[in-house]
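Visitor: Quick one: structure below, then a few questions.
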Amino acid sequence: LDSIESRFFIFIKLRNQDCDRRVCCQHSQTIDSIKLMYLKYEDIRRVSVEITSRCNAACPQCPRTDNPILPAAELKMQDIERIFPKQFCSQLDLVYMCGNYGDAMTSNTTIPAIEYWHRMGVPHIGLYTNGSGRNPDWWQALAKAMTGEQDSVIFSIDGLADTNSIYRQNTNWDRIMQSVNSFIQAGGKAVWHYLIFEHNQHQVESARALAEKLGFVDFVPKATSRFVAQELYNKESANQQQQQAVNLQVKAETDRPNPPKTTSAPQNQAQTAVELHRQAEDCLRQGQLKEAIAASQQALKIQPNLAAACKTLGNAFQGLGRMQAAADCYAKALQIQPNFPEVYANVGSLYAQQQQWQPASAYYQKAIELKPNFAGAYRNLAKVLTQLGQPEKANYAWCQAIAIEASQAPESPQSAPSKPAAKELQPPSLEQYQNPQGDQLIQAVETFGGLNNYYRNVEISCQTQASKDIFISFEAELWPCCWVSHTKYAVYNDTYRPQMLALLEKYGEGFNSLKNQSVKDAIEKDWFRQDLTASFSCSKRLDVCAHECGKTFNSTGSQYI
């Protein structure tokens, strides 16, 4: 029963489906239930754009929080104009910015991009944000750019003044209210999305009343599915640990003289490396350079391709005056992660310390190119340009640094401070706020005999294929959806990222890049043309596809109540 055909037969029996023409990836049979091609270029109607990977918040359940391999990058206007020619825009019904990792509010490209899309004929534009950033002028400008009849900004606000920042950490209630008021009073249409937890379930109706008072056009409470998924992962992990214990006991009873050695799971190793890197950063901030070096080196022994640890190690070496060692670390970091703006800035500082102004200028400018809101790089560039005898350019760099720092300045003492999470996040206890499909998913997984069997065999109905949707990442990569895209940097999951790396190895890094090809060219490549949709009906699909679009459970659709 280990063959794909046998497993698929079991799947049919369990699901009681009339599937006489189902197909496995190892065969080339015709499939009636799906289209071979994910989407034809001319059929695309909606585009989700993650315009930046940057975000000011540190939500504890967000995959970007404490993510050491996430690059800092964003799309620029030349990218937007190249990817979205007028002919392509004319066929679209909607462009929306709902990031995996970033908040569109942090990008300088956001407003010009919205204005461009409208000029090119896109009728409907949407944007998701936590709202805790920028000044009132920016939000007023955003409202004036959102000229479409259905345009709207979705503010993700998960509580009131005393509870919102328990989940939306690093956000500030007063600043959010300032942003909301500025946007709405300037004519913008705002929608309030409210994730429900145990700590804020008692405020849902109060928040609804406040939304109406402030002028939001809608208030949407959401019964998050994340706790359902976590419960399943915990059960699966417990089952695996129990099975490992049984296997070890069996092996111990054999005639081998020595007990078997156990190794940490990849996920645990990654978490250990991340924790060591965090310790290194803490030591660096406290001026404990030798301790920072030791912790960074330990992290790199566990995870040699941890670019952030290479950067931290280089910073510590630079602090000790070991410039060549620092340069070697920065070179390794850029080899691992070529678009790492902080490393380019650090290399610029190395050159500046040696009064090599020209290369220092080049490296600072590269850092700014990768991270347009990099105030520190602008400041250092201004100093270098002064040394190069370019006062006008230096003055411009100074002004940019000051403007960026002003827009990112913390609130005044009168503002309500952000509160860290006082306790571990818990799902809502009130039944009306619990995800309605949670029990259904758990039962389905048990019926399939475990989460892995569920992922391998559940019938997939791709939501974004049905809505004629594509996703464009902050690296200008084309993906079918945000869920697949985010697995490229999903360090928290020990199957999502390996599956993505295997996919990139098979089709080639950049096979879906829109930096050197059009959307039309990319969507006609093998993966989009046939392999993606074929995988929906065989066991060699991506886990994320099964989790998000398995017919048994719709993790996003089921959260709206």
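So you can find residues: chains in the structure tokens are A, B, ... in the order shown, residues in each start at 1, and ligands are numbered from 1 in order.
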Can you pull out the residues contacting stretch 161-167 of chain A? Cut-off 12 Å, using only C-alpha atoms, and skip same-chain residues under 3 positions away; I want them as a PDB file with N, CA and C atoms, in the first residue's frame.
Guide:
ATOM      1  N   ALA A  57       5.633  46.397  12.441  1.00  0.00           N
ATOM      2  CA  ALA A  57       5.078  45.613  13.544  1.00  0.00           C
ATOM      3  C   ALA A  57       5.909  44.352  13.791  1.00  0.00           C
ATOM      4  N   ALA A  58       5.613  43.695  14.909  1.00  0.00           N
ATOM      5  CA  ALA A  58       6.288  42.443  15.267  1.00  0.00           C
ATOM      6  C   ALA A  58       5.249  41.472  15.820  1.00  0.00           C
ATOM      7  N   CYS A  59       4.239  41.177  15.025  1.00  0.00           N
ATOM      8  CA  CYS A  59       3.160  40.297  15.464  1.00  0.00           C
ATOM      9  C   CYS A  59       3.724  38.907  15.750  1.00  0.00           C
ATOM     10  N   PRO A  60       3.423  38.341  16.914  1.00  0.00           N
ATOM     11  CA  PRO A  60       4.071  37.090  17.309  1.00  0.00           C
ATOM     12  C   PRO A  60       3.732  35.892  16.435  1.00  0.00           C
ATOM     13  N   GLN A  61       2.613  35.909  15.726  1.00  0.00           N
ATOM     14  CA  GLN A  61       2.266  34.789  14.863  1.00  0.00           C
ATOM     15  C   GLN A  61       2.552  35.078  13.395  1.00  0.00           C
ATOM     16  N   CYS A  62       3.272  36.143  13.125  1.00  0.00           N
ATOM     17  CA  CYS A  62       3.600  36.504  11.741  1.00  0.00           C
ATOM     18  C   CYS A  62       4.906  35.830  11.323  1.00  0.00           C
ATOM     19  N   THR A  65       8.314  37.881  11.772  1.00  0.00           N
ATOM     20  CA  THR A  65       8.878  38.231  13.066  1.00  0.00           C
ATOM     21  C   THR A  65      10.046  37.315  13.408  1.00  0.00           C
ATOM     22  N   ASN A 130      -1.524  47.956   9.011  1.00  0.00           N
ATOM     23  CA  ASN A 130      -1.810  48.072  10.452  1.00  0.00           C
ATOM     24  C   ASN A 130      -2.043  49.529  10.855  1.00  0.00           C
ATOM     25  N   GLY A 131      -1.698  50.475   9.965  1.00  0.00           N
ATOM     26  CA  GLY A 131      -2.015  51.875  10.183  1.00  0.00           C
ATOM     27  C   GLY A 131      -1.127  52.623  11.154  1.00  0.00           C
ATOM     28  N   SER A 132      -0.162  51.956  11.756  1.00  0.00           N
ATOM     29  CA  SER A 132       0.644  52.605  12.796  1.00  0.00           C
ATOM     30  C   SER A 132       1.948  53.140  12.211  1.00  0.00           C
ATOM     31  N   PHE A 155      -7.821  48.323   7.400  1.00  0.00           N
ATOM     32  CA  PHE A 155      -6.992  48.515   8.589  1.00  0.00           C
ATOM     33  C   PHE A 155      -7.127  47.274   9.479  1.00  0.00           C
ATOM     34  N   SER A 156      -6.016  46.601   9.736  1.00  0.00           N
ATOM     35  CA  SER A 156      -6.006  45.427  10.612  1.00  0.00           C
ATOM     36  C   SER A 156      -5.776  45.911  12.038  1.00  0.00           C
ATOM     37  N   ILE A 157      -6.854  46.023  12.790  1.00  0.00           N
ATOM     38  CA  ILE A 157      -6.807  46.538  14.159  1.00  0.00           C
ATOM     39  C   ILE A 157      -7.485  45.504  15.052  1.00  0.00           C
ATOM     40  N   ASP A 158      -6.723  44.878  15.926  1.00  0.00           N
ATOM     41  CA  ASP A 158      -7.214  43.703  16.655  1.00  0.00           C
ATOM     42  C   ASP A 158      -7.452  44.012  18.132  1.00  0.00           C
ATOM     43  N   ASN A 170       4.516  46.523  18.647  1.00  0.00           N
ATOM     44  CA  ASN A 170       5.267  47.648  18.061  1.00  0.00           C
ATOM     45  C   ASN A 170       4.351  48.666  17.383  1.00  0.00           C
ATOM     46  N   THR A 171       3.040  48.458  17.461  1.00  0.00           N
ATOM     47  CA  THR A 171       2.126  49.475  16.925  1.00  0.00           C
ATOM     48  C   THR A 171       1.641  50.368  18.056  1.00  0.00           C
ATOM     49  N   ASN A 172       1.105  51.506  17.678  1.00  0.00           N
ATOM     50  CA  ASN A 172       0.701  52.513  18.661  1.00  0.00           C
ATOM     51  C   ASN A 172      -0.728  52.956  18.385  1.00  0.00           C
ATOM     52  N   TRP A 173      -1.587  52.846  19.380  1.00  0.00           N
ATOM     53  CA  TRP A 173      -3.007  53.135  19.202  1.00  0.00           C
ATOM     54  C   TRP A 173      -3.262  54.571  18.750  1.00  0.00           C
ATOM     55  N   ASP A 174      -2.615  55.531  19.391  1.00  0.00           N
ATOM     56  CA  ASP A 174      -2.845  56.935  19.036  1.00  0.00           C
ATOM     57  C   ASP A 174      -2.459  57.214  17.584  1.00  0.00           C
ATOM     58  N   ARG A 175      -1.361  56.623  17.165  1.00  0.00           N
ATOM     59  CA  ARG A 175      -0.933  56.838  15.777  1.00  0.00           C
ATOM     60  C   ARG A 175      -1.907  56.175  14.807  1.00  0.00           C
ATOM     61  N   ILE A 176      -2.408  55.003  15.153  1.00  0.00           N
ATOM     62  CA  ILE A 176      -3.385  54.333  14.294  1.00  0.00           C
ATOM     63  C   ILE A 176      -4.635  55.195  14.148  1.00  0.00           C
ATOM     64  N   MET A 177      -5.140  55.722  15.269  1.00  0.00           N
ATOM     65  CA  MET A 177      -6.328  56.565  15.207  1.00  0.00           C
ATOM     66  C   MET A 177      -6.072  57.827  14.391  1.00  0.00           C
ATOM     67  N   HIS A 193     -10.702  45.354   9.905  1.00  0.00           N
ATOM     68  CA  HIS A 193     -10.638  43.906  10.114  1.00  0.00           C
ATOM     69  C   HIS A 193     -10.128  43.647  11.532  1.00  0.00           C
ATOM     70  N   TYR A 194     -10.810  42.733  12.231  1.00  0.00           N
ATOM     71  CA  TYR A 194     -10.573  42.526  13.659  1.00  0.00           C
ATOM     72  C   TYR A 194     -10.362  41.039  13.922  1.00  0.00           C
ATOM     73  N   LEU A 195      -9.104  40.621  14.144  1.00  0.00           N
ATOM     74  CA  LEU A 195      -8.810  39.239  14.521  1.00  0.00           C
ATOM     75  C   LEU A 195      -9.213  39.016  15.980  1.00  0.00           C
ATOM     76  N   ILE A 196      -9.935  37.946  16.236  1.00  0.00           N
ATOM     77  CA  ILE A 196     -10.474  37.722  17.579  1.00  0.00           C
ATOM     78  C   ILE A 196      -9.619  36.715  18.340  1.00  0.00           C
ATOM     79  N   PHE A 197      -9.156  37.144  19.516  1.00  0.00           N
ATOM     80  CA  PHE A 197      -8.422  36.308  20.450  1.00  0.00           C
ATOM     81  C   PHE A 197      -9.181  36.285  21.784  1.00  0.00           C
ATOM     82  N   GLU A 198      -8.678  35.505  22.720  1.00  0.00           N
ATOM     83  CA  GLU A 198      -9.269  35.490  24.057  1.00  0.00           C
ATOM     84  C   GLU A 198      -9.187  36.870  24.700  1.00  0.00           C
ATOM     85  N   HIS A 199      -8.056  37.572  24.486  1.00  0.00           N
ATOM     86  CA  HIS A 199      -7.839  38.837  25.187  1.00  0.00           C
ATOM     87  C   HIS A 199      -8.660  40.003  24.625  1.00  0.00           C
ATOM     88  N   ASN A 200      -9.254  39.842  23.427  1.00  0.00           N
ATOM     89  CA  ASN A 200     -10.005  40.973  22.866  1.00  0.00           C
ATOM     90  C   ASN A 200     -11.430  40.624  22.482  1.00  0.00           C
ATOM     91  N   GLN A 201     -11.872  39.389  22.782  1.00  0.00           N
ATOM     92  CA  GLN A 201     -13.217  38.974  22.364  1.00  0.00           C
ATOM     93  C   GLN A 201     -14.323  39.800  23.035  1.00  0.00           C
ATOM     94  N   HIS A 202     -14.021  40.312  24.220  1.00  0.00           N
ATOM     95  CA  HIS A 202     -15.034  41.096  24.934  1.00  0.00           C
ATOM     96  C   HIS A 202     -15.214  42.496  24.348  1.00  0.00           C
ATOM     97  N   GLN A 203     -14.358  42.872  23.390  1.00  0.00           N
ATOM     98  CA  GLN A 203     -14.409  44.235  22.849  1.00  0.00           C
ATOM     99  C   GLN A 203     -14.945  44.297  21.420  1.00  0.00           C
ATOM    100  N   VAL A 204     -15.376  43.172  20.880  1.00  0.00           N
ATOM    101  CA  VAL A 204     -15.803  43.145  19.480  1.00  0.00           C
ATOM    102  C   VAL A 204     -16.909  44.157  19.215  1.00  0.00           C
ATOM    103  N   SER A 206     -17.828  46.744  21.013  1.00  0.00           N
ATOM    104  CA  SER A 206     -17.361  48.119  21.266  1.00  0.00           C
ATOM    105  C   SER A 206     -16.556  48.625  20.081  1.00  0.00           C
ATOM    106  N   ALA A 207     -15.736  47.737  19.513  1.00  0.00           N
ATOM    107  CA  ALA A 207     -14.949  48.116  18.336  1.00  0.00           C
ATOM    108  C   ALA A 207     -15.869  48.380  17.146  1.00  0.00           C
ATOM    109  N   LEU A 210     -17.238  51.785  17.594  1.00  0.00           N
ATOM    110  CA  LEU A 210     -16.220  52.797  17.319  1.00  0.00           C
ATOM    111  C   LEU A 210     -15.997  52.941  15.819  1.00  0.00           C
ATOM    112  N   SER A 415       1.219  60.022  24.050  1.00  0.00           N
ATOM    113  CA  SER A 415       0.571  58.936  23.332  1.00  0.00           C
ATOM    114  C   SER A 415       0.576  57.672  24.163  1.00  0.00           C
ATOM    115  N   ALA A 416      -0.438  56.838  23.948  1.00  0.00           N
ATOM    116  CA  ALA A 416      -0.505  55.564  24.666  1.00  0.00           C
ATOM    117  C   ALA A 416       0.601  54.644  24.174  1.00  0.00           C
ATOM    118  N   PRO A 417       1.461  54.164  25.036  1.00  0.00           N
ATOM    119  CA  PRO A 417       2.570  53.306  24.600  1.00  0.00           C
ATOM    120  C   PRO A 417       2.073  51.939  24.175  1.00  0.00           C
ATOM    121  N   SER A 418       2.833  51.322  23.251  1.00  0.00           N
ATOM    122  CA  SER A 418       2.512  49.965  22.861  1.00  0.00           C
ATOM    123  C   SER A 418       2.778  49.029  24.023  1.00  0.00           C
ATOM    124  N   LYS A 419       1.916  48.030  24.166  1.00  0.00           N
ATOM    125  CA  LYS A 419       2.080  47.077  25.256  1.00  0.00           C
ATOM    126  C   LYS A 419       2.514  45.736  24.700  1.00  0.00           C
ATOM    127  N   PRO A 420       3.548  45.139  25.239  1.00  0.00           N
ATOM    128  CA  PRO A 420       3.945  43.810  24.789  1.00  0.00           C
ATOM    129  C   PRO A 420       2.933  42.773  25.242  1.00  0.00           C
ATOM    130  N   ALA A 421       2.993  41.617  24.628  1.00  0.00           N
ATOM    131  CA  ALA A 421       2.084  40.546  25.021  1.00  0.00           C
ATOM    132  C   ALA A 421       2.357  40.138  26.456  1.00  0.00           C
ATOM    133  N   ALA A 422       1.316  40.216  27.291  1.00  0.00           N
ATOM    134  CA  ALA A 422       1.485  39.878  28.700  1.00  0.00           C
ATOM    135  C   ALA A 422       1.413  38.382  28.920  1.00  0.00           C
ATOM    136  N   LYS A 423       0.808  37.669  27.982  1.00  0.00           N
ATOM    137  CA  LYS A 423       0.699  36.226  28.119  1.00  0.00           C
ATOM    138  C   LYS A 423       0.625  35.615  26.727  1.00  0.00           C
ATOM    139  N   GLU A 424       0.750  34.310  26.689  1.00  0.00           N
ATOM    140  CA  GLU A 424       0.682  33.625  25.414  1.00  0.00           C
ATOM    141  C   GLU A 424      -0.691  33.829  24.787  1.00  0.00           C
ATOM    142  N   LEU A 425      -0.695  34.032  23.458  1.00  0.00           N
ATOM    143  CA  LEU A 425      -1.961  34.251  22.768  1.00  0.00           C
ATOM    144  C   LEU A 425      -2.835  33.010  22.863  1.00  0.00           C
ATOM    145  N   GLN A 426      -4.115  33.242  23.091  1.00  0.00           N
ATOM    146  CA  GLN A 426      -5.060  32.140  23.232  1.00  0.00           C
ATOM    147  C   GLN A 426      -6.243  32.353  22.286  1.00  0.00           C
TER     148      GLN A 426
END
Visitor: From a DSSP calculation on the backbone, collect every residue of stretch 73-283 of chain A in strand (DSSP E or B) and output the set as a list in words.
Guide: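 Reading the DSSP output for stretch 73-283 of chain A, strand (DSSP E or B) covers Glu74, Leu94, Val95, Tyr96, Met97, Ile125, Gly126, Leu127, Tyr128, Thr129, Ser152, Val153, Ile154, Phe155, Ser156, Ala190, Val191, Trp192, His193, Tyr194, Leu195, Asp218, Phe219, Val220, Pro221 and Lys222 of chain A.
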Visitor: So which residues touch A:Ala141 within 12 Å, counting only C-alpha atoms, skipping near sequence neighbours fewer than 3 positions away, as a compact mmCIF listing (two decimals) with all heavy atoms, in the first residue's frame?
Guide:
# COMPACT_ATOMS: atom_id res chain seq x y z
N MET A 105 2.19 50.33 3.69
CA MET A 105 2.34 51.66 4.28
C MET A 105 3.81 52.08 4.36
O MET A 105 4.14 53.27 4.29
CB MET A 105 1.74 51.64 5.68
CG MET A 105 2.07 52.79 6.59
SD MET A 105 1.54 52.44 8.29
CE MET A 105 2.67 51.12 8.75
N THR A 110 4.17 52.94 -2.87
CA THR A 110 2.75 52.61 -2.77
C THR A 110 1.85 53.64 -3.45
O THR A 110 1.04 53.30 -4.33
CB THR A 110 2.34 52.44 -1.30
OG1 THR A 110 3.03 51.30 -0.77
CG2 THR A 110 0.85 52.23 -1.16
N ILE A 111 1.95 54.90 -3.07
CA ILE A 111 1.04 55.90 -3.64
C ILE A 111 1.30 56.12 -5.13
O ILE A 111 0.35 56.13 -5.92
CB ILE A 111 1.13 57.22 -2.84
CG1 ILE A 111 0.54 57.00 -1.43
CG2 ILE A 111 0.38 58.33 -3.56
CD1 ILE A 111 0.61 58.22 -0.53
N PRO A 112 2.55 56.29 -5.57
CA PRO A 112 2.77 56.42 -7.02
C PRO A 112 2.26 55.21 -7.81
O PRO A 112 1.75 55.36 -8.92
CB PRO A 112 4.30 56.54 -7.13
CG PRO A 112 4.74 57.07 -5.82
CD PRO A 112 3.80 56.49 -4.81
N ILE A 114 -0.31 53.24 -7.00
CA ILE A 114 -1.78 53.33 -7.05
C ILE A 114 -2.21 54.33 -8.13
O ILE A 114 -3.11 54.07 -8.93
CB ILE A 114 -2.35 53.72 -5.68
CG1 ILE A 114 -2.14 52.58 -4.68
CG2 ILE A 114 -3.82 54.09 -5.77
CD1 ILE A 114 -2.46 52.95 -3.24
N GLU A 115 -1.56 55.48 -8.14
CA GLU A 115 -1.89 56.49 -9.15
C GLU A 115 -1.64 55.96 -10.56
O GLU A 115 -2.43 56.20 -11.48
CB GLU A 115 -1.07 57.76 -8.89
CG GLU A 115 -1.44 58.45 -7.58
CD GLU A 115 -0.48 59.56 -7.20
OE1 GLU A 115 0.68 59.56 -7.70
OE2 GLU A 115 -0.86 60.44 -6.40
N ARG A 134 3.60 56.55 9.33
CA ARG A 134 3.43 57.70 8.44
C ARG A 134 2.76 58.87 9.16
O ARG A 134 2.22 58.73 10.26
CB ARG A 134 2.61 57.31 7.21
CG ARG A 134 3.27 56.28 6.30
CD ARG A 134 4.47 56.88 5.59
NE ARG A 134 5.01 55.98 4.58
CZ ARG A 134 5.98 56.30 3.74
NH1 ARG A 134 6.52 57.52 3.79
NH2 ARG A 134 6.43 55.44 2.87
N ASN A 135 2.80 60.02 8.52
CA ASN A 135 2.19 61.21 9.11
C ASN A 135 0.84 61.47 8.44
O ASN A 135 0.49 60.84 7.43
CB ASN A 135 3.12 62.42 8.96
CG ASN A 135 3.51 62.67 7.51
OD1 ASN A 135 2.70 62.48 6.61
ND2 ASN A 135 4.75 63.09 7.28
N PRO A 136 0.03 62.37 8.99
CA PRO A 136 -1.31 62.61 8.42
C PRO A 136 -1.29 63.00 6.95
O PRO A 136 -2.21 62.61 6.20
CB PRO A 136 -1.86 63.75 9.28
CG PRO A 136 -1.16 63.59 10.61
CD PRO A 136 0.22 63.12 10.26
N ASP A 137 -0.27 63.74 6.52
CA ASP A 137 -0.20 64.14 5.11
C ASP A 137 -0.15 62.93 4.19
O ASP A 137 -0.75 62.94 3.11
CB ASP A 137 1.02 65.03 4.87
CG ASP A 137 0.88 66.40 5.51
OD1 ASP A 137 -0.26 66.77 5.87
OD2 ASP A 137 1.91 67.09 5.68
N TRP A 138 0.59 61.90 4.61
CA TRP A 138 0.71 60.70 3.76
C TRP A 138 -0.64 60.01 3.64
O TRP A 138 -1.04 59.59 2.54
CB TRP A 138 1.73 59.74 4.36
CG TRP A 138 2.07 58.60 3.43
CD1 TRP A 138 3.05 58.57 2.48
CD2 TRP A 138 1.41 57.32 3.37
NE1 TRP A 138 3.05 57.37 1.82
CE2 TRP A 138 2.05 56.58 2.34
CE3 TRP A 138 0.36 56.73 4.04
CZ2 TRP A 138 1.67 55.27 2.01
CZ3 TRP A 138 -0.04 55.44 3.71
CH2 TRP A 138 0.62 54.72 2.71
N LYS A 144 -6.51 60.51 -1.48
CA LYS A 144 -6.71 61.21 -2.76
C LYS A 144 -6.30 60.35 -3.95
O LYS A 144 -6.80 60.54 -5.06
CB LYS A 144 -5.94 62.53 -2.75
CG LYS A 144 -6.51 63.53 -1.75
CD LYS A 144 -5.65 64.78 -1.64
CE LYS A 144 -6.22 65.74 -0.59
NZ LYS A 144 -5.36 66.94 -0.41
N ALA A 145 -5.36 59.40 -3.70
CA ALA A 145 -4.95 58.50 -4.78
C ALA A 145 -5.96 57.38 -5.01
O ALA A 145 -6.06 56.84 -6.11
CB ALA A 145 -3.58 57.89 -4.45
N MET A 146 -6.73 57.04 -3.96
CA MET A 146 -7.70 55.95 -4.06
C MET A 146 -9.00 56.48 -4.66
O MET A 146 -10.01 56.68 -3.97
CB MET A 146 -7.95 55.34 -2.68
CG MET A 146 -6.71 54.88 -1.94
SD MET A 146 -6.02 53.32 -2.53
CE MET A 146 -7.01 52.13 -1.64
N THR A 147 -8.97 56.72 -5.96
CA THR A 147 -10.08 57.40 -6.63
C THR A 147 -11.14 56.46 -7.17
O THR A 147 -12.20 56.91 -7.61
CB THR A 147 -9.54 58.25 -7.79
OG1 THR A 147 -8.80 57.39 -8.69
CG2 THR A 147 -8.62 59.36 -7.29
N SER A 179 -3.99 58.03 11.87
CA SER A 179 -3.97 57.61 10.47
C SER A 179 -5.38 57.39 9.94
O SER A 179 -5.72 57.84 8.84
CB SER A 179 -3.15 56.31 10.33
OG SER A 179 -1.85 56.46 10.83
N SER A 182 -7.20 60.74 9.50
CA SER A 182 -6.67 61.50 8.35
C SER A 182 -7.15 60.91 7.04
O SER A 182 -7.54 61.65 6.12
CB SER A 182 -5.13 61.49 8.40
OG SER A 182 -4.66 62.13 9.57
N PHE A 183 -7.14 59.58 6.95
CA PHE A 183 -7.55 58.92 5.72
C PHE A 183 -9.04 59.11 5.45
O PHE A 183 -9.44 59.48 4.35
CB PHE A 183 -7.21 57.43 5.81
CG PHE A 183 -7.60 56.64 4.60
CD1 PHE A 183 -6.87 56.73 3.42
CD2 PHE A 183 -8.71 55.80 4.63
CE1 PHE A 183 -7.25 56.01 2.29
CE2 PHE A 183 -9.09 55.07 3.51
CZ PHE A 183 -8.36 55.18 2.34
N ILE A 184 -9.87 58.88 6.46
CA ILE A 184 -11.32 58.96 6.28
C ILE A 184 -11.76 60.40 6.01
O ILE A 184 -12.59 60.67 5.13
CB ILE A 184 -12.05 58.38 7.50
CG1 ILE A 184 -11.81 56.86 7.58
CG2 ILE A 184 -13.54 58.67 7.44
CD1 ILE A 184 -12.39 56.19 8.81
N GLN A 185 -11.20 61.34 6.76
CA GLN A 185 -11.60 62.74 6.58
C GLN A 185 -11.18 63.30 5.23
O GLN A 185 -11.78 64.26 4.73
CB GLN A 185 -11.01 63.58 7.72
CG GLN A 185 -11.67 63.31 9.07
CD GLN A 185 -10.97 64.00 10.23
OE1 GLN A 185 -10.13 64.88 10.02
NE2 GLN A 185 -11.32 63.60 11.45
N ALA A 186 -10.17 62.67 4.63
CA ALA A 186 -9.74 63.10 3.29
C ALA A 186 -10.55 62.40 2.19
O ALA A 186 -10.26 62.58 1.00
CB ALA A 186 -8.25 62.81 3.09
N GLY A 187 -11.55 61.62 2.59
CA GLY A 187 -12.43 61.00 1.60
C GLY A 187 -12.16 59.54 1.33
O GLY A 187 -12.80 58.95 0.46
N GLY A 188 -11.23 58.93 2.07
CA GLY A 188 -10.91 57.53 1.83
C GLY A 188 -11.93 56.59 2.43
O GLY A 188 -12.53 56.88 3.47
Visitor: Would you mind telling me which residue in A:Ala326, A:Leu70, A:Ile51, A:Ala295 lies nearest to A:Lys488 when using only C-alpha atoms?
Guide: A:Leu70
Visitor: Near A:Gly376, counting only C-alpha atoms, which residues have an atom at most 10 Å away, once you skip same-chain residues fewer than 4 positions from it, shown as a list in words?
Guide: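 My reading of the contact set: Glu342, Ala345, Tyr364, Ala367, Ile368, Asn380, Leu381, Ala382, Trp398, Ala401, Ile402, Ile404 and Glu405 of chain A.
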Visitor: Show which residues sit within 10 Å of A:Ser518, as a ChimeraX atom specification. Count only C-alpha atoms, and ignore same-chain residues fewer than 3 positions away.
Guide: /A:82-85,478,512-515,521-523
Visitor: Find, counting only C-alpha atoms, the residue in A:Ala299, A:Ala309, A:Ala490, A:Ala223 that gets nearest to A:Tyr101.
Guide: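 Ranked by minimum distance to A:Tyr101, first place goes to A:Ala490.
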Visitor: For A:Gly510, which residue out of A:Glu477, A:Leu532, A:Ile80, A:His124 is the nearest one, using only C-alpha atoms?
Guide: A:Glu477
Visitor: So, with only C-alpha atoms as the atoms that count, which of A:Thr386, A:Thr109, A:Thr224, A:Gln298 lies closest to A:Asn373?
Guide: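 Checking each of A:Thr386, A:Thr109, A:Thr224, A:Gln298 against A:Asn373, counting only C-alpha atoms, the winner is A:Thr109.
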Visitor: Pick from A:Ile293, A:Val491, A:Val544, A:Leu75: nearest to A:Leu370, with only C-alpha atoms counted?
Guide: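 When distances to A:Leu370 are compared using only C-alpha atoms, the smallest one comes from A:Leu75.
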Visitor: Out of A:Ser48, A:Thr129, A:Gln303, A:Gln465, which residue has the shortest atom-to-atom distance to A:Leu36 when counting only C-alpha atoms?
Guide: A:Gln465
